[in-house]
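Student: Compact mmCIF, C-alpha atoms, file work_22.txt:
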# COMPACT_ATOMS: atom_id res chain seq x y z
CA MET A 22 0.00 0.00 0.00
CA SER A 23 1.37 3.39 -1.00
CA THR A 24 1.62 6.23 1.50
CA LYS A 25 1.89 8.80 -1.27
CA PRO A 26 -1.12 11.17 -1.18
CA LYS A 27 -3.31 11.38 -4.25
CA ASN A 28 -2.99 14.44 -6.45
CA THR A 29 -6.36 16.12 -5.91
CA GLY A 30 -5.54 19.41 -7.61
CA LEU A 31 -7.99 18.86 -10.44
CA ASN A 32 -10.82 17.14 -8.62
CA VAL A 33 -14.28 18.60 -8.70
CA ALA A 34 -14.99 21.07 -5.93
CA LYS A 35 -18.24 20.40 -4.11
CA ASP A 36 -18.88 24.11 -3.70
CA THR A 37 -19.03 26.03 -6.95
CA ILE A 38 -20.21 29.36 -8.24
CA GLY A 39 -21.28 30.57 -11.64
CA VAL A 40 -23.98 29.74 -14.08
CA ASN A 41 -23.96 26.78 -16.45
CA MET A 42 -20.27 26.20 -15.88
CA ALA A 43 -18.19 23.06 -16.11
CA ARG A 44 -16.30 22.62 -12.87
CA ILE A 45 -15.53 25.88 -11.10
CA GLN A 46 -13.02 26.14 -8.33
CA PHE A 47 -11.63 29.09 -6.42
CA GLN A 48 -8.04 28.94 -5.25
CA VAL A 49 -5.91 31.32 -3.24
CA LYS A 50 -2.42 31.32 -4.72
CA SER A 51 0.86 32.69 -3.41
CA ASP A 52 4.25 31.84 -4.92
CA ARG A 53 4.49 28.05 -4.55
CA VAL A 54 1.42 27.52 -2.38
CA SER A 55 -2.20 27.34 -3.43
CA ALA A 56 -5.30 26.31 -1.52
CA SER A 57 -8.71 25.39 -2.89
CA LEU A 58 -11.63 27.19 -1.30
CA SER A 59 -14.87 25.55 -0.29
CA GLY A 60 -17.72 26.15 2.14
CA GLU A 61 -17.50 29.44 4.02
CA ALA A 62 -14.14 30.36 2.48
CA LEU A 63 -15.63 30.04 -1.01
CA GLU A 64 -18.61 32.18 0.01
CA LEU A 65 -16.23 34.78 1.48
CA ALA A 66 -14.16 34.94 -1.72
CA ASN A 67 -17.32 35.09 -3.81
CA ASP A 68 -18.78 37.90 -1.67
CA LEU A 69 -15.46 39.77 -1.74
CA LEU A 70 -15.36 39.67 -5.53
CA ASP A 71 -19.02 40.74 -5.70
CA LYS A 72 -18.22 43.80 -3.57
CA VAL A 73 -14.79 44.71 -4.91
CA ALA A 74 -15.07 43.83 -8.60
CA PRO A 75 -18.54 42.59 -9.52
CA LYS A 76 -18.22 43.32 -13.24
CA THR A 77 -14.77 41.74 -13.40
CA LYS A 78 -16.08 38.60 -11.73
CA ALA A 79 -19.11 38.51 -14.04
CA ALA A 80 -16.88 39.08 -17.08
CA LEU A 81 -14.55 36.23 -16.06
CA VAL A 82 -17.46 33.86 -15.40
CA ASP A 83 -19.13 34.76 -18.73
CA TYR A 84 -15.81 34.41 -20.59
CA ALA A 85 -15.13 31.00 -19.06
CA ASP A 86 -18.72 29.87 -19.67
CA GLU A 87 -18.53 30.81 -23.37
CA ILE A 88 -15.24 28.93 -23.83
CA VAL A 89 -16.43 25.81 -22.00
CA THR A 90 -19.74 25.80 -23.90
CA PHE A 91 -17.88 26.09 -27.21
CA ALA A 92 -15.39 23.38 -26.20
CA ARG A 93 -18.23 21.02 -25.21
CA SER A 94 -19.89 21.55 -28.59
CA LYS A 95 -16.66 20.68 -30.45
CA TRP A 96 -15.23 17.99 -28.13
CA LEU A 97 -14.89 14.58 -29.75
CA VAL A 98 -16.25 11.52 -27.93
CA ARG A 99 -15.52 8.03 -29.17
CA ALA A 100 -18.52 5.75 -29.65
CA LYS A 101 -16.73 2.78 -28.05
CA ASN A 102 -14.41 2.74 -25.05
CA SER A 103 -14.71 6.47 -24.42
CA LYS A 104 -12.95 7.74 -21.31
CA ARG A 105 -15.30 10.78 -21.33
CA SER A 106 -12.69 13.55 -21.37
CA ILE A 107 -15.58 15.87 -22.28
CA ASP A 108 -16.70 15.53 -18.66
CA ARG A 109 -13.32 16.69 -17.38
CA LEU A 110 -13.48 20.29 -18.56
CA TYR A 111 -12.94 22.67 -15.65
CA THR A 112 -12.69 26.32 -14.77
CA ARG A 113 -10.56 27.58 -11.90
CA PHE A 114 -10.27 31.13 -10.58
CA TYR A 115 -7.15 32.23 -8.72
CA ILE A 116 -6.91 35.05 -6.21
CA THR A 117 -3.44 36.16 -5.11
CA PRO A 118 -2.65 37.97 -1.83
CA ASP A 119 -2.31 41.25 -3.76
CA LEU A 120 -5.87 40.62 -5.08
CA GLN A 121 -4.94 39.73 -8.65
CA ILE A 122 -7.63 37.57 -10.21
CA SER A 123 -7.00 35.09 -12.99
CA ALA A 124 -8.93 32.29 -14.62
CA GLU A 125 -7.83 28.94 -15.97
CA ILE A 126 -9.89 26.82 -18.34
CA GLY A 127 -8.77 23.31 -19.19
CA ASN A 128 -9.34 19.60 -19.25
CA SER A 129 -8.03 17.44 -16.43
CA ALA A 130 -7.74 14.27 -18.54
CA ARG A 131 -4.01 13.60 -18.88
CA TYR A 132 -4.39 12.62 -22.50
CA SER A 133 -6.62 15.53 -23.55
CA TYR A 134 -3.82 17.45 -25.26
CA ALA A 135 -2.96 14.39 -27.37
CA ILE A 136 -6.45 14.08 -28.89
CA LYS A 137 -6.37 14.92 -32.59
CA VAL A 138 -9.20 15.36 -35.05
CA GLY A 139 -9.28 12.27 -37.27
CA LYS A 140 -10.42 11.81 -40.84
CA LYS A 141 -13.52 9.92 -39.69
CA SER A 142 -14.35 12.37 -36.87
CA GLU A 143 -17.74 14.01 -37.09
CA SER A 144 -16.41 17.52 -36.65
CA ASP A 145 -15.97 20.74 -38.53
CA LEU A 146 -12.50 21.18 -36.99
CA PRO A 147 -9.46 20.72 -39.26
CA VAL A 148 -8.25 17.11 -39.58
CA GLY A 149 -4.96 16.40 -37.81
CA ARG A 150 -5.23 19.35 -35.41
CA ARG A 151 -5.12 18.99 -31.64
CA LEU A 152 -8.58 19.23 -30.14
CA ALA A 153 -7.46 21.18 -27.06
CA ILE A 154 -5.87 23.87 -29.23
CA GLU A 155 -8.86 24.17 -31.56
CA ALA A 156 -11.61 23.97 -28.89
CA LEU A 157 -9.99 25.73 -25.90
CA VAL A 158 -6.90 27.78 -26.75
CA LYS A 159 -7.90 29.47 -30.02
CA PRO A 160 -11.40 30.49 -28.84
CA SER A 161 -9.88 31.81 -25.59
CA ARG A 162 -7.48 34.03 -27.51
CA LYS A 163 -10.23 35.32 -29.81
CA LYS A 164 -12.43 36.40 -26.91
CA LEU A 165 -9.63 37.77 -24.73
CA ASP A 166 -9.73 41.33 -26.09
CA ARG A 167 -13.41 41.66 -25.19
CA LEU A 168 -12.68 40.41 -21.65
CA VAL A 169 -9.80 42.86 -21.20
CA ASP A 170 -11.97 45.75 -22.44
CA SER A 171 -14.72 44.82 -19.99
CA ILE A 172 -12.33 44.70 -17.03
CA ALA A 173 -10.62 47.93 -18.10
CA ASP A 174 -13.99 49.69 -18.23
CA GLU A 175 -14.70 48.68 -14.62
CA ILE A 176 -11.30 49.91 -13.48
CA VAL A 177 -11.67 53.24 -15.26
CA ARG A 178 -15.20 53.77 -13.90
CA GLY A 179 -13.92 52.97 -10.41
CA LEU A 180 -11.37 55.76 -10.67
CA PHE A 181 -13.93 58.46 -11.50
Could the structure of this file be written out as structure tokens, please?

Tutor:
Amino acid sequence: MSTKPKNTGLNVAKDTIGVNMARIQFQVKSDRVSASLSGEALELANDLLDKVAPKTKAALVDYADEIVTFARSKWLVRAKNSKRSIDRLYTRFYITPDLQISAEIGNSARYSYAIKVGKKSESDLPVGRRLAIEALVKPSRKKLDRLVDSIADEIVRGLF
């Protein structure tokens, strides 16, 4: 029997926020340490963001929701022997001690980056391309400018 603890960094959090999201987790992150929030700590972080930066929080949640929804619509699932990587999409928000907020969208299946669109795949994605790049990375980059503009507007309005 192994005494090595399981890596639980990508497990589903029981307490989540957001609307129609995949798996949402809040983490507090500082240098090499990060802690997942749940229960009262999650509510506290959620309330803090609602009071300090409600539009930023809403913009991040909307951004992540759009990307995950798009990824789900494009994600390939094998008919036989599927390991259901589509069910492993997640969203994680990080809050640093200096109150920087960031979001991470990904897939916790170890093999998800290796999935390529095949010739027989029922998809409109280019054959031979990596699914994670086409369904997560490229859409994220396309929508990033709109997210940055939304957050910048809140900051500017807060100054005046």

Student: Nearest to Arg151 in chain A: which of A:Lys95, A:Ile176, A:Leu165, A:Thr112 is it, counting only C-alpha atoms?

Tutor: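 Among A:Lys95, A:Ile176, A:Leu165, A:Thr112, it is A:Lys95 that comes nearest to Arg151 in chain A.
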
Student: Need to verify the contact set: Gln48 in chain A, 8 Å, all atoms listed in the file, exclusion of same-chain residues closer than 5 positions in sequence. Can you return it as a compact mmCIF listing (two decimals) with C-alpha atoms, keeping the file's coordinate frame?

Tutor:
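Produced file part-v6.txt, reproduced below:
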# COMPACT_ATOMS: atom_id res chain seq x y z
CA SER A 55 -2.20 27.34 -3.43
CA ALA A 56 -5.30 26.31 -1.52
CA SER A 57 -8.71 25.39 -2.89
CA LEU A 58 -11.63 27.19 -1.30
CA ARG A 113 -10.56 27.58 -11.90
CA PHE A 114 -10.27 31.13 -10.58
CA TYR A 115 -7.15 32.23 -8.72
CA ILE A 116 -6.91 35.05 -6.21

Student: Have a look at A:Val49, A:Ala62, A:Leu168, A:Ala173 and name the one nearest to Glu87 in chain A; count all atoms listed in the file.

Tutor: A:Leu168

Student: Nearest residue to Ser144 in chain A out of A:Ser94, A:Asn67, A:Thr77, A:Ser171, using only C-alpha atoms?

Tutor: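 Smallest separation from Ser144 in chain A among the options: A:Ser94.
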
Student: What's the 10 Å shell around Glu175 in chain A, counting only C-alpha atoms, without same-chain residues fewer than 3 positions away, as a PyMOL selection string?

Tutor: chain A and resi 74-77+170-172+178-180

Student: Which one of A:Ile122, A:Ala85, A:Leu97, A:Ala130 sits closest to Arg109 in chain A if you count all atoms listed in the file?

Tutor: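 Closest to Arg109 in chain A of all the choices is A:Ala130.
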
Student: Could you tell me which of A:Lys141, A:Asp71, A:Ala80, A:Gln46 comes closest to Ser59 in chain A if we count all atoms listed in the file?

Tutor: A:Gln46

Student: Which residue, A:Thr117, A:Ala124, A:Leu65, A:Ser142, has the smallest gap to Asp83 in chain A when you use all atoms listed in the file?

Tutor: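 Distance minimum relative to Asp83 in chain A lands on A:Ala124.
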
Student: Calculate how many Å separate CA of Ala135 in chain A from CA of Val98 in chain A, rounding to one decimal.

Tutor: 13.6 Å

Student: For CA of Leu157 in chain A and CA of Ala92 in chain A, quote the distance in Å rounded to one decimal.

Tutor: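 Between these atoms lies a distance of 5.9 Å.
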